[in-house]
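Visitor: My structure file my_file_10.pdb, PDB, C-alpha atoms, is below:
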ATOM      1  CA  MET N   1       0.000   0.000   0.000
ATOM      2  CA  GLU N   2       2.159   2.796  -1.335
ATOM      3  CA  ILE N   3       1.233   6.412  -1.914
ATOM      4  CA  ALA N   4       1.720   7.569  -5.490
ATOM      5  CA  ASN N   5       1.022  10.987  -6.983
ATOM      6  CA  LEU N   6      -1.238  11.955  -9.865
ATOM      7  CA  PHE N   7       0.948  14.951 -10.663
ATOM      8  CA  ALA N   8       4.283  13.198 -10.318
ATOM      9  CA  ALA N   9       6.860  14.708 -12.648
ATOM     10  CA  ARG N  10       7.845  12.752 -15.699
ATOM     11  CA  LEU N  11      11.510  12.056 -16.278
ATOM     12  CA  GLU N  12      11.581  13.713 -19.672
ATOM     13  CA  PRO N  13       9.274  15.509 -22.056
ATOM     14  CA  LYS N  14       7.301  13.046 -24.102
ATOM     15  CA  ARG N  15       6.206  13.357 -27.670
ATOM     16  CA  GLU N  16       3.333  10.970 -27.133
ATOM     17  CA  GLU N  17       0.492  11.059 -24.677
ATOM     18  CA  ILE N  18       1.046   8.801 -21.700
ATOM     19  CA  PHE N  19      -1.705   6.352 -20.750
ATOM     20  CA  GLU N  20      -1.274   4.658 -17.388
ATOM     21  CA  THR N  21      -3.739   2.187 -15.906
ATOM     22  CA  LEU N  22      -4.060   2.882 -12.194
ATOM     23  CA  LEU N  23      -6.655   0.233 -11.468
ATOM     24  CA  GLU N  24      -8.243  -2.577 -13.450
ATOM     25  CA  THR N  25     -10.840  -4.905 -12.054
ATOM     26  CA  GLY N  26     -12.405  -6.383 -15.170
ATOM     27  CA  ARG N  27     -15.472  -4.330 -14.375
ATOM     28  CA  VAL N  28     -13.833  -0.929 -14.353
ATOM     29  CA  ARG N  29     -10.586   0.618 -15.428
ATOM     30  CA  LEU N  30      -9.142   3.776 -13.912
ATOM     31  CA  GLU N  31      -6.597   5.515 -16.076
ATOM     32  CA  ARG N  32      -4.320   8.504 -15.841
ATOM     33  CA  ILE N  33      -3.519  10.291 -19.078
ATOM     34  CA  ILE N  34      -0.872  12.964 -19.470
ATOM     35  CA  SER N  35      -1.085  15.158 -22.543
ATOM     36  CA  THR N  36       1.541  17.702 -23.526
ATOM     37  CA  GLY N  37      -0.054  19.503 -26.431
ATOM     38  CA  GLN N  38      -1.278  16.468 -28.333
ATOM     39  CA  SER N  39      -4.692  16.170 -29.941
ATOM     40  CA  THR N  40      -6.623  13.342 -31.529
ATOM     41  CA  PRO N  41      -5.332  12.939 -35.090
ATOM     42  CA  ALA N  42      -7.354  14.759 -37.753
ATOM     43  CA  GLY N  43     -10.461  12.868 -38.769
ATOM     44  CA  GLU N  44     -10.248  10.369 -35.903
ATOM     45  CA  TRP N  45     -12.812   9.933 -33.146
ATOM     46  CA  TYR N  46     -12.954   7.969 -29.939
ATOM     47  CA  ASP N  47     -15.866   5.527 -29.998
ATOM     48  CA  GLN N  48     -15.780   3.529 -26.778
ATOM     49  CA  GLU N  49     -17.551   0.399 -25.643
ATOM     50  CA  ARG N  50     -17.989   1.639 -22.099
ATOM     51  CA  ASN N  51     -19.137   4.793 -20.410
ATOM     52  CA  GLU N  52     -16.356   7.066 -19.262
ATOM     53  CA  TRP N  53     -16.236   9.426 -16.303
ATOM     54  CA  VAL N  54     -13.407  11.805 -17.071
ATOM     55  CA  ALA N  55     -11.885  14.664 -15.090
ATOM     56  CA  LEU N  56      -9.199  17.128 -16.055
ATOM     57  CA  LEU N  57      -6.915  17.704 -13.063
ATOM     58  CA  SER N  58      -4.343  20.103 -14.470
ATOM     59  CA  GLY N  59      -3.692  21.946 -17.721
ATOM     60  CA  SER N  60      -6.559  22.511 -20.120
ATOM     61  CA  ALA N  61      -8.123  20.922 -23.182
ATOM     62  CA  GLY N  62     -10.833  21.231 -25.794
ATOM     63  CA  LEU N  63     -13.141  18.231 -26.067
ATOM     64  CA  LEU N  64     -15.318  17.997 -29.150
ATOM     65  CA  PHE N  65     -18.421  15.823 -29.274
ATOM     66  CA  GLU N  66     -19.869  14.734 -32.583
ATOM     67  CA  GLY N  67     -22.723  17.022 -33.533
ATOM     68  CA  GLU N  68     -21.539  19.920 -31.410
ATOM     69  CA  PRO N  69     -20.214  23.006 -33.201
ATOM     70  CA  GLU N  70     -17.385  23.852 -30.805
ATOM     71  CA  PRO N  71     -15.158  21.958 -28.394
ATOM     72  CA  ARG N  72     -15.967  22.217 -24.727
ATOM     73  CA  VAL N  73     -13.149  23.810 -22.790
ATOM     74  CA  MET N  74     -12.046  21.755 -19.802
ATOM     75  CA  LYS N  75     -10.203  23.420 -16.942
ATOM     76  CA  PRO N  76      -8.763  21.906 -13.740
ATOM     77  CA  GLY N  77     -11.384  20.064 -11.727
ATOM     78  CA  ASP N  78     -13.888  19.816 -14.589
ATOM     79  CA  TYR N  79     -15.446  16.422 -15.091
ATOM     80  CA  LEU N  80     -18.203  14.880 -17.151
ATOM     81  CA  ILE N  81     -19.588  11.556 -18.269
ATOM     82  CA  ILE N  82     -19.112  10.477 -21.853
ATOM     83  CA  PRO N  83     -21.722   7.818 -22.677
ATOM     84  CA  ALA N  84     -20.529   4.714 -24.508
ATOM     85  CA  HIS N  85     -20.335   5.198 -28.268
ATOM     86  CA  LEU N  86     -20.701   8.940 -28.141
ATOM     87  CA  ARG N  87     -18.030   9.922 -30.610
ATOM     88  CA  HIS N  88     -15.632  12.522 -29.333
ATOM     89  CA  ARG N  89     -12.135  13.827 -29.873
ATOM     90  CA  VAL N  90      -9.575  15.954 -28.118
ATOM     91  CA  GLU N  91      -9.204  19.030 -30.293
ATOM     92  CA  TRP N  92      -6.339  20.510 -28.329
ATOM     93  CA  THR N  93      -4.441  20.295 -25.074
ATOM     94  CA  ASP N  94      -2.315  22.942 -23.398
ATOM     95  CA  PRO N  95       1.041  23.054 -25.231
ATOM     96  CA  ASP N  96       2.885  24.669 -22.311
ATOM     97  CA  HIS N  97       1.768  22.639 -19.298
ATOM     98  CA  GLU N  98       1.054  19.004 -18.616
ATOM     99  CA  THR N  99      -2.617  18.204 -18.886
ATOM    100  CA  VAL N 100      -3.450  15.426 -16.436
ATOM    101  CA  TRP N 101      -6.686  13.493 -16.968
ATOM    102  CA  LEU N 102      -8.295  10.914 -14.755
ATOM    103  CA  ALA N 103     -10.645   8.565 -16.608
ATOM    104  CA  LEU N 104     -12.870   5.859 -15.190
ATOM    105  CA  HIS N 105     -14.187   3.421 -17.783
ATOM    106  CA  TYR N 106     -17.222   1.554 -16.488
TER     107      TYR N 106
ATOM    108  CA  MET P   1     -23.873  15.666 -20.378
ATOM    109  CA  GLU P   2     -22.884  18.646 -18.269
ATOM    110  CA  ILE P   3     -19.464  19.648 -17.079
ATOM    111  CA  ALA P   4     -19.183  19.941 -13.303
ATOM    112  CA  ASN P   5     -16.114  20.838 -11.251
ATOM    113  CA  LEU P   6     -14.382  18.905  -8.500
ATOM    114  CA  PHE P   7     -13.198  22.110  -6.861
ATOM    115  CA  ALA P   8     -16.444  24.032  -7.177
ATOM    116  CA  ALA P   9     -16.845  26.463  -4.310
ATOM    117  CA  ARG P  10     -19.367  25.672  -1.654
ATOM    118  CA  LEU P  11     -21.967  28.266  -0.825
ATOM    119  CA  GLU P  12     -21.025  28.495   2.818
ATOM    120  CA  PRO P  13     -18.550  27.043   5.260
ATOM    121  CA  LYS P  14     -19.734  23.689   6.545
ATOM    122  CA  ARG P  15     -19.250  22.233   9.958
ATOM    123  CA  GLU P  16     -19.582  18.709   8.635
ATOM    124  CA  GLU P  17     -17.700  16.900   5.944
ATOM    125  CA  ILE P  18     -19.539  16.765   2.640
ATOM    126  CA  PHE P  19     -19.953  13.402   0.926
ATOM    127  CA  GLU P  20     -21.228  13.548  -2.641
ATOM    128  CA  THR P  21     -21.758  10.519  -4.853
ATOM    129  CA  LEU P  22     -20.594  11.357  -8.357
ATOM    130  CA  LEU P  23     -21.286   7.966  -9.877
ATOM    131  CA  GLU P  24     -22.945   4.794  -8.686
ATOM    132  CA  THR P  25     -23.298   1.686 -10.806
ATOM    133  CA  GLY P  26     -23.996  -1.005  -8.231
ATOM    134  CA  ARG P  27     -20.514  -2.304  -8.919
ATOM    135  CA  VAL P  28     -18.601   0.833  -8.094
ATOM    136  CA  ARG P  29     -19.221   4.119  -6.381
ATOM    137  CA  LEU P  30     -17.246   7.270  -7.065
ATOM    138  CA  GLU P  31     -17.444   9.843  -4.335
ATOM    139  CA  ARG P  32     -16.212  13.353  -3.707
ATOM    140  CA  ILE P  33     -15.517  14.293  -0.108
ATOM    141  CA  ILE P  34     -14.800  17.802   1.093
ATOM    142  CA  SER P  35     -13.200  18.166   4.510
ATOM    143  CA  THR P  36     -12.638  21.473   6.258
ATOM    144  CA  GLY P  37     -10.582  20.521   9.275
ATOM    145  CA  GLN P  38     -12.640  17.539  10.386
ATOM    146  CA  SER P  39     -11.180  14.246  11.516
ATOM    147  CA  THR P  40     -12.626  10.845  12.288
ATOM    148  CA  PRO P  41     -14.074  10.977  15.820
ATOM    149  CA  ALA P  42     -11.745   9.719  18.556
ATOM    150  CA  GLY P  43     -11.692   5.948  18.837
ATOM    151  CA  GLU P  44     -13.576   5.399  15.562
ATOM    152  CA  TRP P  45     -12.225   3.589  12.520
ATOM    153  CA  TYR P  46     -13.426   3.095   8.987
ATOM    154  CA  ASP P  47     -13.840  -0.606   8.224
ATOM    155  CA  GLN P  48     -15.198  -0.918   4.701
ATOM    156  CA  GLU P  49     -16.689  -3.811   2.769
ATOM    157  CA  ARG P  50     -15.028  -2.806  -0.476
ATOM    158  CA  ASN P  51     -11.593  -1.769  -1.621
ATOM    159  CA  GLU P  52     -11.122   1.961  -1.986
ATOM    160  CA  TRP P  53      -8.922   3.879  -4.382
ATOM    161  CA  VAL P  54      -8.589   7.316  -2.843
ATOM    162  CA  ALA P  55      -6.853  10.476  -4.028
ATOM    163  CA  LEU P  56      -6.381  13.794  -2.294
ATOM    164  CA  LEU P  57      -6.855  16.578  -4.848
ATOM    165  CA  SER P  58      -6.435  19.689  -2.709
ATOM    166  CA  GLY P  59      -5.620  20.551   0.889
ATOM    167  CA  SER P  60      -3.844  17.991   3.030
ATOM    168  CA  ALA P  61      -4.625  15.250   5.513
ATOM    169  CA  GLY P  62      -3.175  12.643   7.831
ATOM    170  CA  LEU P  63      -4.412   9.111   7.238
ATOM    171  CA  LEU P  64      -3.734   6.560   9.960
ATOM    172  CA  PHE P  65      -3.841   2.821   9.318
ATOM    173  CA  GLU P  66      -4.303   0.388  12.152
ATOM    174  CA  GLY P  67      -0.943  -0.959  13.218
ATOM    175  CA  GLU P  68       1.049   1.965  11.870
ATOM    176  CA  PRO P  69       2.671   4.332  14.371
ATOM    177  CA  GLU P  70       2.089   7.599  12.516
ATOM    178  CA  PRO P  71      -0.460   8.909  10.043
ATOM    179  CA  ARG P  72       0.588   9.118   6.421
ATOM    180  CA  VAL P  73       0.576  12.674   5.176
ATOM    181  CA  MET P  74      -1.403  13.112   1.969
ATOM    182  CA  LYS P  75      -0.734  16.096  -0.279
ATOM    183  CA  PRO P  76      -2.421  17.130  -3.540
ATOM    184  CA  GLY P  77      -2.291  14.387  -6.165
ATOM    185  CA  ASP P  78      -1.421  11.625  -3.696
ATOM    186  CA  TYR P  79      -3.436   8.445  -4.049
ATOM    187  CA  LEU P  80      -3.416   4.934  -2.664
ATOM    188  CA  ILE P  81      -5.522   1.822  -2.403
ATOM    189  CA  ILE P  82      -7.076   0.932   0.928
ATOM    190  CA  PRO P  83      -7.914  -2.782   0.913
ATOM    191  CA  ALA P  84     -11.350  -3.788   2.198
ATOM    192  CA  HIS P  85     -11.474  -4.109   5.988
ATOM    193  CA  LEU P  86      -8.159  -2.429   6.574
ATOM    194  CA  ARG P  87      -9.096  -0.210   9.467
ATOM    195  CA  HIS P  88      -8.108   3.400   9.007
ATOM    196  CA  ARG P  89      -9.017   6.859  10.183
ATOM    197  CA  VAL P  90      -8.467  10.445   9.180
ATOM    198  CA  GLU P  91      -6.366  11.929  11.956
ATOM    199  CA  TRP P  92      -6.518  15.478  10.648
ATOM    200  CA  THR P  93      -7.375  17.591   7.640
ATOM    201  CA  ASP P  94      -6.182  21.070   6.776
ATOM    202  CA  PRO P  95      -8.126  23.528   8.937
ATOM    203  CA  ASP P  96      -7.480  26.486   6.630
ATOM    204  CA  HIS P  97      -8.218  25.107   3.161
ATOM    205  CA  GLU P  98     -10.764  22.750   1.682
ATOM    206  CA  THR P  99      -9.442  19.232   1.376
ATOM    207  CA  VAL P 100     -11.009  17.576  -1.656
ATOM    208  CA  TRP P 101     -10.898  13.790  -1.867
ATOM    209  CA  LEU P 102     -11.894  11.539  -4.718
ATOM    210  CA  ALA P 103     -12.743   7.994  -3.638
ATOM    211  CA  LEU P 104     -13.601   5.017  -5.805
ATOM    212  CA  HIS P 105     -15.171   2.127  -3.908
ATOM    213  CA  TYR P 106     -14.908  -1.100  -5.885
TER     214      TYR P 106
END
What is this structure when it is put down as structure tokens?
Guide:
Amino acid sequence: MEIANLFAARLEPKREEIFETLLETGRVRLERIISTGQSTPAGEWYDQERNEWVALLSGSAGLLFEGEPEPRVMKPGDYLIIPAHLRHRVEWTDPDHETVWLALHY
Amino acid sequence: MEIANLFAARLEPKREEIFETLLETGRVRLERIISTGQSTPAGEWYDQERNEWVALLSGSAGLLFEGEPEPRVMKPGDYLIIPAHLRHRVEWTDPDHETVWLALHY
């Protein structure tokens, strides 16, 4: 039973987003994601089998849902539920600061 | 699908801790707790049926586990897993700032 930290510094800047599973039970998966300016590639959408509760803990991001005209701006502490199969994409993340997400897939 | 905020200000100072269920599926429960200086009453312990993944998002707290000599100090971003039935108590929380916890019972 060790304490870890959601904001723990990374050893080096990364060119890719970092996906880290914090907890997996078969029923749910809790994931930390660290973005450093990345976005979902042009024309691609997430289309997930499970519902997702997602919070942005640091940084900022624009989250676009299919059918909506503009991305929703997420700031620290913001959370929402993305229903399964609701297509969405990350339009942008803060290029200057780490954006830390916490996502619960259930 | 509305955005809410984990750090949203409360309307007034509270004398009791605030427990808010963010998500409940029958299999898991995700809960936000806001402490403002409270601690677990003297002599009482939490003894829970389920495992708990818990993170401290703001403020600070001392978390004592049965059999350990000193409370573990939790600072923002710190998280750990408390196995079911491991008796524990909150020895103290920051009296000057809101301590926001995120707890996943699974």
Visitor: Just the number, please: distance in Å from atom CA of N:Gly77 to atom CA of N:Gln38, one decimal.
Guide: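 Pair atom CA of N:Gly77 / atom CA of N:Gln38 returns 19.8 Å.
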Visitor: Counting only C-alpha atoms, which residue out of N:Leu102, N:Met1, N:Ala42, N:Leu63 sits closest to P:Pro83?
Guide: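 When distances to P:Pro83 are compared using only C-alpha atoms, the smallest one comes from N:Met1.
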Visitor: Can you tell me, as a list in words, which residues sit within 10 Å of (-16.1, 23.3, -18.6) in the file's frame, using only C-alpha atoms?
Guide: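 Residues close enough to count: Leu56, Ser60, Ala61, Gly62, Leu63, Pro71, Arg72, Val73, Met74, Lys75, Pro76, Gly77, Asp78, Tyr79 and Leu80 of chain N; Glu2, Ile3, Ala4 and Asn5 of chain P.
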Visitor: Please measure the separation of atom CA of N:Glu24 and atom CA of P:Trp53, giving the value in Å to one decimal.
Guide: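 Taking atom CA of N:Glu24 and atom CA of P:Trp53, their separation equals 11.2 Å.
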Visitor: Which residue, N:Leu104, N:Glu44, N:Val90, N:Ile18, has the smallest gap to chain P when you use all atoms listed in the file?
Guide: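 Closest residue, counting all atoms listed in the file: N:Leu104.
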Visitor: What do you get, as a list in words, if you spell out every residue that the PyMOL selection byres ((chain N and resi 48) around 8) selects here?
Guide: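 Here the PyMOL selection byres ((chain N and resi 48) around 8) matches Tyr46, Asp47, Glu49, Arg50, Asn51, Ala84, His85, Leu86 and Arg87 of chain N.
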Visitor: Record the distance separating atom CA of N:Arg27 and atom CA of P:Trp101, expressed in Å with one decimal.
Guide: 22.5 Å
Visitor: Given all atoms listed in the file as the basis, pick out the residue of N:Ile81, N:Leu64, N:Val54, N:Ile33 nearest to chain P.
Guide: N:Ile81
Visitor: Run the PyMOL selection byres ((chain N and resi 34) around 7) mentally over the shown coordinates, then write out the matched residues as a PyMOL selection string, using the chain letters and numbers from the document.
Guide: chain N and resi 17-19+32-33+35-36+98-101
Visitor: Those selected residues, please, written with C-alpha atoms and delivered as a CSV table (one decimal), in the coordinates of the input.
Guide:
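Listing of out-v9.csv after writing:
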chain,number,residue,atom,x,y,z
N,17,GLU,CA,0.5,11.1,-24.7
N,18,ILE,CA,1.0,8.8,-21.7
N,19,PHE,CA,-1.7,6.4,-20.8
N,32,ARG,CA,-4.3,8.5,-15.8
N,33,ILE,CA,-3.5,10.3,-19.1
N,35,SER,CA,-1.1,15.2,-22.5
N,36,THR,CA,1.5,17.7,-23.5
N,98,GLU,CA,1.1,19.0,-18.6
N,99,THR,CA,-2.6,18.2,-18.9
N,100,VAL,CA,-3.4,15.4,-16.4
N,101,TRP,CA,-6.7,13.5,-17.0
Visitor: Pick from P:His97, P:Arg15, P:His105, P:Arg29: nearest to P:Glu52, with all atoms listed in the file counted?
Guide: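 Among P:His97, P:Arg15, P:His105, P:Arg29, it is P:His105 that comes nearest to P:Glu52.
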Visitor: Closest to chain N among P:Leu6, P:Leu57, P:Asp94, P:Arg89, using all atoms listed in the file?
Guide: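 Using all atoms listed in the file, chain N sits closest to P:Leu6.
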Visitor: Find, counting all atoms listed in the file, the residue in P:Gly37, P:Glu91, P:Ile82, P:Trp45 that gets nearest to P:Glu70.
Guide: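 Smallest distance to P:Glu70 is found for P:Glu91.
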